Structures are given as structure tokens and as C-alpha cells.
$ cat target01.pdb   # PDB, N, CA, C and O atoms
ATOM      1  N   MET A 169       0.840  -1.176   0.000
ATOM      2  CA  MET A 169       0.000   0.000   0.000
ATOM      3  C   MET A 169       0.883   1.237   0.000
ATOM      4  O   MET A 169       1.795   1.347   0.806
ATOM      5  N   ASN A 170       0.603   2.137  -0.847
ATOM      6  CA  ASN A 170       1.307   3.411  -0.886
ATOM      7  C   ASN A 170       0.820   4.263   0.278
ATOM      8  O   ASN A 170      -0.370   4.529   0.398
ATOM      9  N   SER A 171       1.726   4.674   1.147
ATOM     10  CA  SER A 171       1.323   5.430   2.330
ATOM     11  C   SER A 171       0.735   6.787   1.999
ATOM     12  O   SER A 171       0.111   7.409   2.837
ATOM     13  N   HIS A 172       0.900   7.249   0.757
ATOM     14  CA  HIS A 172       0.352   8.538   0.353
ATOM     15  C   HIS A 172      -1.045   8.399  -0.257
ATOM     16  O   HIS A 172      -1.694   9.390  -0.529
ATOM     17  N   ASP A 173      -1.501   7.204  -0.492
ATOM     18  CA  ASP A 173      -2.802   6.969  -1.091
ATOM     19  C   ASP A 173      -3.785   6.510  -0.015
ATOM     20  O   ASP A 173      -4.194   5.353   0.028
ATOM     21  N   VAL A 174      -4.172   7.444   0.858
ATOM     22  CA  VAL A 174      -5.046   7.118   1.978
ATOM     23  C   VAL A 174      -6.393   6.611   1.474
ATOM     24  O   VAL A 174      -6.914   5.610   1.975
ATOM     25  N   ASP A 175      -6.960   7.279   0.477
ATOM     26  CA  ASP A 175      -8.258   6.853  -0.044
ATOM     27  C   ASP A 175      -8.190   5.433  -0.605
ATOM     28  O   ASP A 175      -9.094   4.623  -0.371
ATOM     29  N   GLY A 176      -7.112   5.135  -1.312
ATOM     30  CA  GLY A 176      -6.941   3.796  -1.865
ATOM     31  C   GLY A 176      -6.791   2.752  -0.770
ATOM     32  O   GLY A 176      -7.344   1.657  -0.867
ATOM     33  N   ALA A 177      -6.051   3.093   0.273
ATOM     34  CA  ALA A 177      -5.866   2.170   1.392
ATOM     35  C   ALA A 177      -7.188   1.901   2.092
ATOM     36  O   ALA A 177      -7.525   0.746   2.388
ATOM     37  N   MET A 178      -7.959   2.949   2.338
ATOM     38  CA  MET A 178      -9.251   2.780   3.008
ATOM     39  C   MET A 178     -10.193   1.932   2.151
ATOM     40  O   MET A 178     -10.893   1.068   2.663
ATOM     41  N   ALA A 179     -10.192   2.168   0.847
ATOM     42  CA  ALA A 179     -11.057   1.393  -0.057
ATOM     43  C   ALA A 179     -10.649  -0.081  -0.069
ATOM     44  O   ALA A 179     -11.509  -0.971  -0.025
ATOM     45  N   ALA A 180      -9.356  -0.346  -0.098
ATOM     46  CA  ALA A 180      -8.873  -1.727  -0.110
ATOM     47  C   ALA A 180      -9.256  -2.444   1.183
ATOM     48  O   ALA A 180      -9.711  -3.599   1.155
ATOM     49  N   TRP A 181      -9.087  -1.782   2.303
ATOM     50  CA  TRP A 181      -9.431  -2.404   3.582
ATOM     51  C   TRP A 181     -10.940  -2.576   3.724
ATOM     52  O   TRP A 181     -11.410  -3.571   4.270
ATOM     53  N   ARG A 182     -11.706  -1.639   3.220
ATOM     54  CA  ARG A 182     -13.166  -1.762   3.250
ATOM     55  C   ARG A 182     -13.581  -2.985   2.411
ATOM     56  O   ARG A 182     -14.410  -3.789   2.851
ATOM     57  N   ASP A 183     -12.995  -3.131   1.233
ATOM     58  CA  ASP A 183     -13.298  -4.283   0.382
ATOM     59  C   ASP A 183     -12.900  -5.589   1.069
ATOM     60  O   ASP A 183     -13.627  -6.586   1.005
ATOM     61  N   PHE A 184     -11.740  -5.579   1.705
ATOM     62  CA  PHE A 184     -11.289  -6.772   2.425
ATOM     63  C   PHE A 184     -12.297  -7.154   3.512
ATOM     64  O   PHE A 184     -12.665  -8.327   3.651
ATOM     65  N   LEU A 185     -12.767  -6.167   4.281
ATOM     66  CA  LEU A 185     -13.737  -6.457   5.335
ATOM     67  C   LEU A 185     -15.040  -6.991   4.764
ATOM     68  O   LEU A 185     -15.659  -7.877   5.351
ATOM     69  N   ASP A 186     -15.457  -6.460   3.627
ATOM     70  CA  ASP A 186     -16.669  -6.975   2.978
ATOM     71  C   ASP A 186     -16.521  -8.457   2.664
ATOM     72  O   ASP A 186     -17.463  -9.232   2.842
ATOM     73  N   CYS A 187     -15.352  -8.848   2.210
ATOM     74  CA  CYS A 187     -15.101 -10.247   1.847
ATOM     75  C   CYS A 187     -14.830 -11.129   3.073
ATOM     76  O   CYS A 187     -15.204 -12.302   3.087
ATOM     77  N   ALA A 188     -14.183 -10.580   4.081
ATOM     78  CA  ALA A 188     -13.738 -11.373   5.226
ATOM     79  C   ALA A 188     -14.856 -11.689   6.205
ATOM     80  O   ALA A 188     -14.778 -12.692   6.921
ATOM     81  N   ASP A 189     -15.879 -10.862   6.245
ATOM     82  CA  ASP A 189     -16.952 -11.061   7.215
ATOM     83  C   ASP A 189     -17.598 -12.430   7.008
ATOM     84  O   ASP A 189     -18.051 -12.757   5.918
ATOM     85  N   GLY A 190     -17.574 -13.236   8.050
ATOM     86  CA  GLY A 190     -18.176 -14.558   7.984
ATOM     87  C   GLY A 190     -17.230 -15.675   7.602
ATOM     88  O   GLY A 190     -17.612 -16.847   7.629
ATOM     89  N   ILE A 191     -16.000 -15.352   7.233
ATOM     90  CA  ILE A 191     -15.028 -16.384   6.857
ATOM     91  C   ILE A 191     -14.181 -16.728   8.076
ATOM     92  O   ILE A 191     -13.621 -15.842   8.726
ATOM     93  N   ARG A 192     -14.093 -18.002   8.367
ATOM     94  CA  ARG A 192     -13.247 -18.467   9.469
ATOM     95  C   ARG A 192     -11.974 -19.036   8.873
ATOM     96  O   ARG A 192     -11.992 -20.091   8.249
ATOM     97  N   SER A 193     -10.887 -18.311   9.073
ATOM     98  CA  SER A 193      -9.607 -18.723   8.503
ATOM     99  C   SER A 193      -8.493 -18.109   9.332
ATOM    100  O   SER A 193      -8.582 -16.944   9.723
ATOM    101  N   VAL A 194      -7.463 -18.880   9.578
ATOM    102  CA  VAL A 194      -6.311 -18.361  10.303
ATOM    103  C   VAL A 194      -5.668 -17.229   9.512
ATOM    104  O   VAL A 194      -5.258 -16.212  10.077
ATOM    105  N   LYS A 195      -5.604 -17.372   8.190
ATOM    106  CA  LYS A 195      -4.997 -16.323   7.360
ATOM    107  C   LYS A 195      -5.833 -15.046   7.378
ATOM    108  O   LYS A 195      -5.284 -13.946   7.439
ATOM    109  N   VAL A 196      -7.158 -15.178   7.335
ATOM    110  CA  VAL A 196      -8.015 -13.993   7.403
ATOM    111  C   VAL A 196      -7.865 -13.343   8.767
ATOM    112  O   VAL A 196      -7.772 -12.118   8.876
ATOM    113  N   GLN A 197      -7.823 -14.142   9.804
ATOM    114  CA  GLN A 197      -7.653 -13.618  11.169
ATOM    115  C   GLN A 197      -6.342 -12.837  11.278
ATOM    116  O   GLN A 197      -6.308 -11.739  11.833
ATOM    117  N   ALA A 198      -5.270 -13.377  10.730
ATOM    118  CA  ALA A 198      -3.971 -12.698  10.760
ATOM    119  C   ALA A 198      -4.023 -11.401   9.956
ATOM    120  O   ALA A 198      -3.474 -10.378  10.381
ATOM    121  N   ALA A 199      -4.685 -11.441   8.806
ATOM    122  CA  ALA A 199      -4.798 -10.236   7.980
ATOM    123  C   ALA A 199      -5.622  -9.164   8.684
ATOM    124  O   ALA A 199      -5.306  -7.969   8.603
ATOM    125  N   LEU A 200      -6.673  -9.567   9.396
ATOM    126  CA  LEU A 200      -7.470  -8.608  10.160
ATOM    127  C   LEU A 200      -6.622  -7.930  11.236
ATOM    128  O   LEU A 200      -6.693  -6.713  11.432
ATOM    129  N   GLN A 201      -5.837  -8.717  11.941
ATOM    130  CA  GLN A 201      -4.968  -8.155  12.973
ATOM    131  C   GLN A 201      -3.948  -7.206  12.365
ATOM    132  O   GLN A 201      -3.722  -6.107  12.879
ATOM    133  N   ASP A 202      -3.346  -7.608  11.263
ATOM    134  CA  ASP A 202      -2.377  -6.760  10.577
ATOM    135  C   ASP A 202      -3.032  -5.459  10.120
ATOM    136  O   ASP A 202      -2.460  -4.379  10.265
ATOM    137  N   MET A 203      -4.238  -5.563   9.581
ATOM    138  CA  MET A 203      -4.960  -4.377   9.122
ATOM    139  C   MET A 203      -5.218  -3.420  10.272
ATOM    140  O   MET A 203      -5.018  -2.215  10.143
ATOM    141  N   ARG A 204      -5.646  -3.955  11.406
ATOM    142  CA  ARG A 204      -5.930  -3.091  12.557
ATOM    143  C   ARG A 204      -4.675  -2.358  13.013
ATOM    144  O   ARG A 204      -4.727  -1.181  13.362
ATOM    145  N   VAL A 205      -3.542  -3.029  12.988
ATOM    146  CA  VAL A 205      -2.278  -2.386  13.367
ATOM    147  C   VAL A 205      -1.923  -1.296  12.358
ATOM    148  O   VAL A 205      -1.582  -0.172  12.723
ATOM    149  N   ARG A 206      -2.024  -1.615  11.085
ATOM    150  CA  ARG A 206      -1.678  -0.639  10.045
ATOM    151  C   ARG A 206      -2.608   0.578  10.062
ATOM    152  O   ARG A 206      -2.186   1.688   9.754
ATOM    153  N   LEU A 207      -3.863   0.368  10.409
ATOM    154  CA  LEU A 207      -4.810   1.489  10.453
ATOM    155  C   LEU A 207      -4.460   2.492  11.543
ATOM    156  O   LEU A 207      -4.898   3.638  11.492
ATOM    157  N   ARG A 208      -3.667   2.084  12.517
ATOM    158  CA  ARG A 208      -3.219   3.035  13.548
ATOM    159  C   ARG A 208      -2.398   4.166  12.928
ATOM    160  O   ARG A 208      -2.350   5.253  13.467
ATOM    161  N   TRP A 209      -1.768   3.892  11.790
ATOM    162  CA  TRP A 209      -0.976   4.923  11.111
ATOM    163  C   TRP A 209      -1.865   6.077  10.668
ATOM    164  O   TRP A 209      -1.391   7.183  10.421
ATOM    165  N   TYR A 210      -3.152   5.803  10.519
ATOM    166  CA  TYR A 210      -4.102   6.802  10.030
ATOM    167  C   TYR A 210      -5.019   7.279  11.167
ATOM    168  O   TYR A 210      -6.216   7.474  10.974
ATOM    169  N   ALA A 211      -4.446   7.474  12.327
ATOM    170  CA  ALA A 211      -5.227   7.830  13.516
ATOM    171  C   ALA A 211      -6.080   9.079  13.314
ATOM    172  O   ALA A 211      -7.153   9.196  13.886
ATOM    173  N   GLY A 212      -5.635  10.010  12.493
ATOM    174  CA  GLY A 212      -6.384  11.239  12.281
ATOM    175  C   GLY A 212      -7.455  11.137  11.214
ATOM    176  O   GLY A 212      -8.145  12.116  10.931
ATOM    177  N   VAL A 213      -7.631   9.964  10.647
ATOM    178  CA  VAL A 213      -8.608   9.779   9.575
ATOM    179  C   VAL A 213      -9.830   9.056  10.155
ATOM    180  O   VAL A 213      -9.715   7.900  10.580
ATOM    181  N   PRO A 214     -10.988   9.717  10.198
ATOM    182  CA  PRO A 214     -12.168   9.086  10.807
ATOM    183  C   PRO A 214     -12.521   7.729  10.195
ATOM    184  O   PRO A 214     -12.902   6.809  10.923
ATOM    185  N   GLU A 215     -12.381   7.580   8.897
ATOM    186  CA  GLU A 215     -12.715   6.299   8.264
ATOM    187  C   GLU A 215     -11.803   5.185   8.778
ATOM    188  O   GLU A 215     -12.235   4.037   8.909
ATOM    189  N   ALA A 216     -10.569   5.519   9.107
ATOM    190  CA  ALA A 216      -9.648   4.506   9.638
ATOM    191  C   ALA A 216     -10.169   3.971  10.967
ATOM    192  O   ALA A 216     -10.122   2.760  11.214
ATOM    193  N   GLN A 217     -10.662   4.852  11.821
ATOM    194  CA  GLN A 217     -11.213   4.409  13.106
ATOM    195  C   GLN A 217     -12.445   3.534  12.884
ATOM    196  O   GLN A 217     -12.610   2.508  13.538
ATOM    197  N   GLU A 218     -13.292   3.928  11.944
ATOM    198  CA  GLU A 218     -14.476   3.118  11.636
ATOM    199  C   GLU A 218     -14.076   1.726  11.149
ATOM    200  O   GLU A 218     -14.681   0.725  11.545
ATOM    201  N   LEU A 219     -13.060   1.671  10.299
ATOM    202  CA  LEU A 219     -12.595   0.380   9.788
ATOM    203  C   LEU A 219     -11.985  -0.469  10.899
ATOM    204  O   LEU A 219     -12.184  -1.688  10.938
ATOM    205  N   ARG A 220     -11.237   0.161  11.805
ATOM    206  CA  ARG A 220     -10.662  -0.599  12.934
ATOM    207  C   ARG A 220     -11.770  -1.187  13.799
ATOM    208  O   ARG A 220     -11.698  -2.335  14.240
ATOM    209  N   GLU A 221     -12.824  -0.398  14.032
ATOM    210  CA  GLU A 221     -13.944  -0.887  14.839
ATOM    211  C   GLU A 221     -14.667  -2.029  14.127
ATOM    212  O   GLU A 221     -15.035  -3.025  14.746
ATOM    213  N   ARG A 222     -14.841  -1.875  12.829
ATOM    214  CA  ARG A 222     -15.491  -2.934  12.053
ATOM    215  C   ARG A 222     -14.640  -4.201  12.052
ATOM    216  O   ARG A 222     -15.161  -5.312  12.209
ATOM    217  N   ALA A 223     -13.333  -4.049  11.916
ATOM    218  CA  ALA A 223     -12.434  -5.209  11.959
ATOM    219  C   ALA A 223     -12.514  -5.899  13.309
ATOM    220  O   ALA A 223     -12.496  -7.129  13.395
ATOM    221  N   ALA A 224     -12.625  -5.116  14.376
ATOM    222  CA  ALA A 224     -12.744  -5.692  15.719
ATOM    223  C   ALA A 224     -14.043  -6.495  15.830
ATOM    224  O   ALA A 224     -14.054  -7.577  16.428
ATOM    225  N   ARG A 225     -15.125  -5.982  15.238
ATOM    226  CA  ARG A 225     -16.391  -6.722  15.270
ATOM    227  C   ARG A 225     -16.286  -8.022  14.481
ATOM    228  O   ARG A 225     -16.778  -9.065  14.923
ATOM    229  N   VAL A 226     -15.654  -7.973  13.311
ATOM    230  CA  VAL A 226     -15.484  -9.186  12.505
ATOM    231  C   VAL A 226     -14.639 -10.188  13.282
ATOM    232  O   VAL A 226     -14.975 -11.372  13.361
ATOM    233  N   THR A 227     -13.553  -9.714  13.883
ATOM    234  CA  THR A 227     -12.695 -10.592  14.681
ATOM    235  C   THR A 227     -13.463 -11.165  15.860
ATOM    236  O   THR A 227     -13.373 -12.352  16.145
ATOM    237  N   GLY A 228     -14.238 -10.325  16.522
ATOM    238  CA  GLY A 228     -15.021 -10.765  17.677
ATOM    239  C   GLY A 228     -16.072 -11.790  17.303
ATOM    240  O   GLY A 228     -16.276 -12.772  18.017
ATOM    241  N   SER A 229     -16.735 -11.602  16.169
ATOM    242  CA  SER A 229     -17.753 -12.568  15.755
ATOM    243  C   SER A 229     -17.103 -13.890  15.384
ATOM    244  O   SER A 229     -17.668 -14.958  15.597
ATOM    245  N   TRP A 230     -15.886 -13.819  14.837
ATOM    246  CA  TRP A 230     -15.165 -15.041  14.480
ATOM    247  C   TRP A 230     -14.818 -15.825  15.734
ATOM    248  O   TRP A 230     -15.038 -17.020  15.813
ATOM    249  N   THR A 231     -14.283 -15.135  16.758
ATOM    250  CA  THR A 231     -13.882 -15.841  17.976
ATOM    251  C   THR A 231     -15.110 -16.285  18.777
ATOM    252  O   THR A 231     -15.087 -17.325  19.400
ATOM    253  N   ALA A 232     -16.193 -15.492  18.756
ATOM    254  CA  ALA A 232     -17.408 -15.891  19.454
ATOM    255  C   ALA A 232     -17.980 -17.151  18.827
ATOM    256  O   ALA A 232     -18.415 -18.069  19.521
ATOM    257  N   GLY A 233     -17.968 -17.227  17.495
ATOM    258  CA  GLY A 233     -18.451 -18.405  16.803
ATOM    259  C   GLY A 233     -17.617 -19.630  17.120
ATOM    260  O   GLY A 233     -18.141 -20.738  17.255
ATOM    261  N   ALA A 234     -16.324 -19.430  17.271
ATOM    262  CA  ALA A 234     -15.436 -20.541  17.605
ATOM    263  C   ALA A 234     -15.746 -21.062  19.015
ATOM    264  O   ALA A 234     -15.701 -22.253  19.261
ATOM    265  N   ARG A 235     -16.067 -20.147  19.921
ATOM    266  CA  ARG A 235     -16.417 -20.563  21.292
ATOM    267  C   ARG A 235     -17.754 -21.286  21.320
ATOM    268  O   ARG A 235     -17.967 -22.185  22.119
ATOM    269  N   ASP A 236     -18.692 -20.874  20.448
ATOM    270  CA  ASP A 236     -20.017 -21.470  20.438
ATOM    271  C   ASP A 236     -20.040 -22.862  19.812
ATOM    272  O   ASP A 236     -20.959 -23.617  20.008
ATOM    273  N   SER A 237     -19.011 -23.164  19.010
ATOM    274  CA  SER A 237     -18.989 -24.454  18.303
ATOM    275  C   SER A 237     -18.713 -25.599  19.239
ATOM    276  O   SER A 237     -18.112 -25.506  20.221
TER     277      SER A 237
END

$ encode --input "target01.pdb" --output "C-alpha cells"
Amino acid sequence: MNSHDVDGAMAAWRDFLDCADGIRSVKVQAALQDMRVRLRWYAGVPEAQELRERAARVTGSWTAGARDS
């Protein structure tokens, strides 16, 4: 990701979350964690905070589902 292309980064992460929601995978879980860390670089961008919160919900639903199984 080009660090100067904030809009492109946000769009890519938004698309990733659209695809990742509901998928149980170690690789998706790792990518979600990596995304949340990288989004900290954009602390002043409101969409970045929204994406971090959404990623946390996706991660939480994944782990909750694993506990329920």
C-alpha cells in the first residue's frame, strides 16, 4: 500500500472487510490483525477508526463463533 494513497488504502481495507466477514480462517484472522495495526498509522482519519472498529467486530464474531462451536 502506498502510504500517500489514503483513499486507496481505506477502499482496499473496506473491500477486504466486505469479503472477510463470515469467513473463518487463520490467514483472514492474521490479515485482520495486521490491518488493525496498520490502520493506527491513520489515527487522524475518521474512516480509519471506523474500519478498525469494524475489523474488531469481525474478529469478535469469528472468535465468538469458535467458542459457540

$ atom_distance --input "target01.pdb" --atom1 "atom CA of A:Ala216" --atom2 "atom CA of A:Asp202"
13.4 Å

$ resolve_selection --input "target01.pdb" --expression "the PyMOL selection byres ((chain A and resi 179-192) around 8)" --output "PyMOL selection string"
chain A and resi 173-178+193-197+203+219+222-223+225-227+229-230

$ axis_aligned_box --input "target01.pdb" --around "stretch 199-217 of chain A" --padding-each-side "6 Å" --output "JSON"
{"center_x": -6.9, "center_y": 0.3, "center_z": 10.9, "size_x": 23.9, "size_y": 35.6, "size_z": 17.9}

$ atom_distance --input "target01.pdb" --atom1 "atom N of A:Leu207" --atom2 "atom O of A:Glu221"
12.5 Å

$ atom_distance --input "target01.pdb" --atom1 "atom C of A:Gly228" --atom2 "atom O of A:Pro214"
19.9 Å

$ select_by_dssp --input "target01.pdb" --residues "stretch 181-236 of chain A" --states "alpha helix (DSSP H)" --output "PyMOL selection string"
chain A and resi 181-188+194-207+214-236

$ build_atoms --input "target01.pdb" --residues "stretch 181-192 of chain A" --atoms "all heavy atoms" --output "mmCIF file, keeping the file's coordinate frame"
data_model
loop_
_atom_site.group_PDB
_atom_site.id
_atom_site.type_symbol
_atom_site.label_atom_id
_atom_site.label_comp_id
_atom_site.auth_asym_id
_atom_site.auth_seq_id
_atom_site.Cartn_x
_atom_site.Cartn_y
_atom_site.Cartn_z
ATOM 1 N N TRP A 181 -9.087 -1.782 2.303
ATOM 2 C CA TRP A 181 -9.431 -2.404 3.582
ATOM 3 C C TRP A 181 -10.940 -2.576 3.724
ATOM 4 O O TRP A 181 -11.410 -3.571 4.270
ATOM 5 C CB TRP A 181 -8.832 -1.618 4.738
ATOM 6 C CG TRP A 181 -7.366 -1.853 4.877
ATOM 7 C CD1 TRP A 181 -6.696 -3.021 4.710
ATOM 8 C CD2 TRP A 181 -6.369 -0.888 5.195
ATOM 9 N NE1 TRP A 181 -5.342 -2.843 4.915
ATOM 10 C CE2 TRP A 181 -5.120 -1.551 5.219
ATOM 11 C CE3 TRP A 181 -6.394 0.478 5.474
ATOM 12 C CZ2 TRP A 181 -3.932 -0.903 5.505
ATOM 13 C CZ3 TRP A 181 -5.208 1.120 5.761
ATOM 14 C CH2 TRP A 181 -3.990 0.437 5.777
ATOM 15 N N ARG A 182 -11.706 -1.639 3.220
ATOM 16 C CA ARG A 182 -13.166 -1.762 3.250
ATOM 17 C C ARG A 182 -13.581 -2.985 2.411
ATOM 18 O O ARG A 182 -14.410 -3.789 2.851
ATOM 19 C CB ARG A 182 -13.798 -0.478 2.719
ATOM 20 C CG ARG A 182 -15.285 -0.397 2.883
ATOM 21 C CD ARG A 182 -15.854 0.968 2.508
ATOM 22 N NE ARG A 182 -15.280 1.538 1.298
ATOM 23 C CZ ARG A 182 -14.442 2.581 1.250
ATOM 24 N NH1 ARG A 182 -14.062 3.182 2.357
ATOM 25 N NH2 ARG A 182 -13.980 3.034 0.098
ATOM 26 N N ASP A 183 -12.995 -3.131 1.233
ATOM 27 C CA ASP A 183 -13.298 -4.283 0.382
ATOM 28 C C ASP A 183 -12.900 -5.589 1.069
ATOM 29 O O ASP A 183 -13.627 -6.586 1.005
ATOM 30 C CB ASP A 183 -12.580 -4.173 -0.967
ATOM 31 C CG ASP A 183 -13.147 -3.071 -1.848
ATOM 32 O OD1 ASP A 183 -14.247 -2.547 -1.550
ATOM 33 O OD2 ASP A 183 -12.471 -2.714 -2.840
ATOM 34 N N PHE A 184 -11.740 -5.579 1.705
ATOM 35 C CA PHE A 184 -11.289 -6.772 2.425
ATOM 36 C C PHE A 184 -12.297 -7.154 3.512
ATOM 37 O O PHE A 184 -12.665 -8.327 3.651
ATOM 38 C CB PHE A 184 -9.904 -6.547 3.037
ATOM 39 C CG PHE A 184 -9.506 -7.627 4.000
ATOM 40 C CD1 PHE A 184 -9.199 -8.895 3.546
ATOM 41 C CD2 PHE A 184 -9.453 -7.372 5.358
ATOM 42 C CE1 PHE A 184 -8.844 -9.905 4.439
ATOM 43 C CE2 PHE A 184 -9.092 -8.371 6.251
ATOM 44 C CZ PHE A 184 -8.786 -9.640 5.790
ATOM 45 N N LEU A 185 -12.767 -6.167 4.281
ATOM 46 C CA LEU A 185 -13.737 -6.457 5.335
ATOM 47 C C LEU A 185 -15.040 -6.991 4.764
ATOM 48 O O LEU A 185 -15.659 -7.877 5.351
ATOM 49 C CB LEU A 185 -13.999 -5.209 6.185
ATOM 50 C CG LEU A 185 -12.888 -4.859 7.165
ATOM 51 C CD1 LEU A 185 -13.150 -3.507 7.792
ATOM 52 C CD2 LEU A 185 -12.757 -5.929 8.234
ATOM 53 N N ASP A 186 -15.457 -6.460 3.627
ATOM 54 C CA ASP A 186 -16.669 -6.975 2.978
ATOM 55 C C ASP A 186 -16.521 -8.457 2.664
ATOM 56 O O ASP A 186 -17.463 -9.232 2.842
ATOM 57 C CB ASP A 186 -16.968 -6.203 1.688
ATOM 58 C CG ASP A 186 -17.425 -4.771 1.928
ATOM 59 O OD1 ASP A 186 -17.810 -4.432 3.071
ATOM 60 O OD2 ASP A 186 -17.393 -3.987 0.958
ATOM 61 N N CYS A 187 -15.352 -8.848 2.210
ATOM 62 C CA CYS A 187 -15.101 -10.247 1.847
ATOM 63 C C CYS A 187 -14.830 -11.129 3.073
ATOM 64 O O CYS A 187 -15.204 -12.302 3.087
ATOM 65 C CB CYS A 187 -13.909 -10.342 0.907
ATOM 66 S SG CYS A 187 -14.209 -9.599 -0.696
ATOM 67 N N ALA A 188 -14.183 -10.580 4.081
ATOM 68 C CA ALA A 188 -13.738 -11.373 5.226
ATOM 69 C C ALA A 188 -14.856 -11.689 6.205
ATOM 70 O O ALA A 188 -14.778 -12.692 6.921
ATOM 71 C CB ALA A 188 -12.609 -10.639 5.955
ATOM 72 N N ASP A 189 -15.879 -10.862 6.245
ATOM 73 C CA ASP A 189 -16.952 -11.061 7.215
ATOM 74 C C ASP A 189 -17.598 -12.430 7.008
ATOM 75 O O ASP A 189 -18.051 -12.757 5.918
ATOM 76 C CB ASP A 189 -17.992 -9.955 7.077
ATOM 77 C CG ASP A 189 -18.906 -9.867 8.281
ATOM 78 O OD1 ASP A 189 -18.624 -10.526 9.299
ATOM 79 O OD2 ASP A 189 -19.906 -9.131 8.198
ATOM 80 N N GLY A 190 -17.574 -13.236 8.050
ATOM 81 C CA GLY A 190 -18.176 -14.558 7.984
ATOM 82 C C GLY A 190 -17.230 -15.675 7.602
ATOM 83 O O GLY A 190 -17.612 -16.847 7.629
ATOM 84 N N ILE A 191 -16.000 -15.352 7.233
ATOM 85 C CA ILE A 191 -15.028 -16.384 6.857
ATOM 86 C C ILE A 191 -14.181 -16.728 8.076
ATOM 87 O O ILE A 191 -13.621 -15.842 8.726
ATOM 88 C CB ILE A 191 -14.117 -15.899 5.712
ATOM 89 C CG1 ILE A 191 -14.941 -15.655 4.455
ATOM 90 C CG2 ILE A 191 -12.999 -16.904 5.450
ATOM 91 C CD1 ILE A 191 -14.154 -15.062 3.320
ATOM 92 N N ARG A 192 -14.093 -18.002 8.367
ATOM 93 C CA ARG A 192 -13.247 -18.467 9.469
ATOM 94 C C ARG A 192 -11.974 -19.036 8.873
ATOM 95 O O ARG A 192 -11.992 -20.091 8.249
ATOM 96 C CB ARG A 192 -13.955 -19.523 10.284
ATOM 97 C CG ARG A 192 -15.108 -18.966 11.062
ATOM 98 C CD ARG A 192 -15.661 -20.017 11.963
ATOM 99 N NE ARG A 192 -16.809 -19.473 12.664
ATOM 100 C CZ ARG A 192 -17.420 -20.073 13.651
ATOM 101 N NH1 ARG A 192 -17.011 -21.270 14.036
ATOM 102 N NH2 ARG A 192 -18.435 -19.523 14.231
#
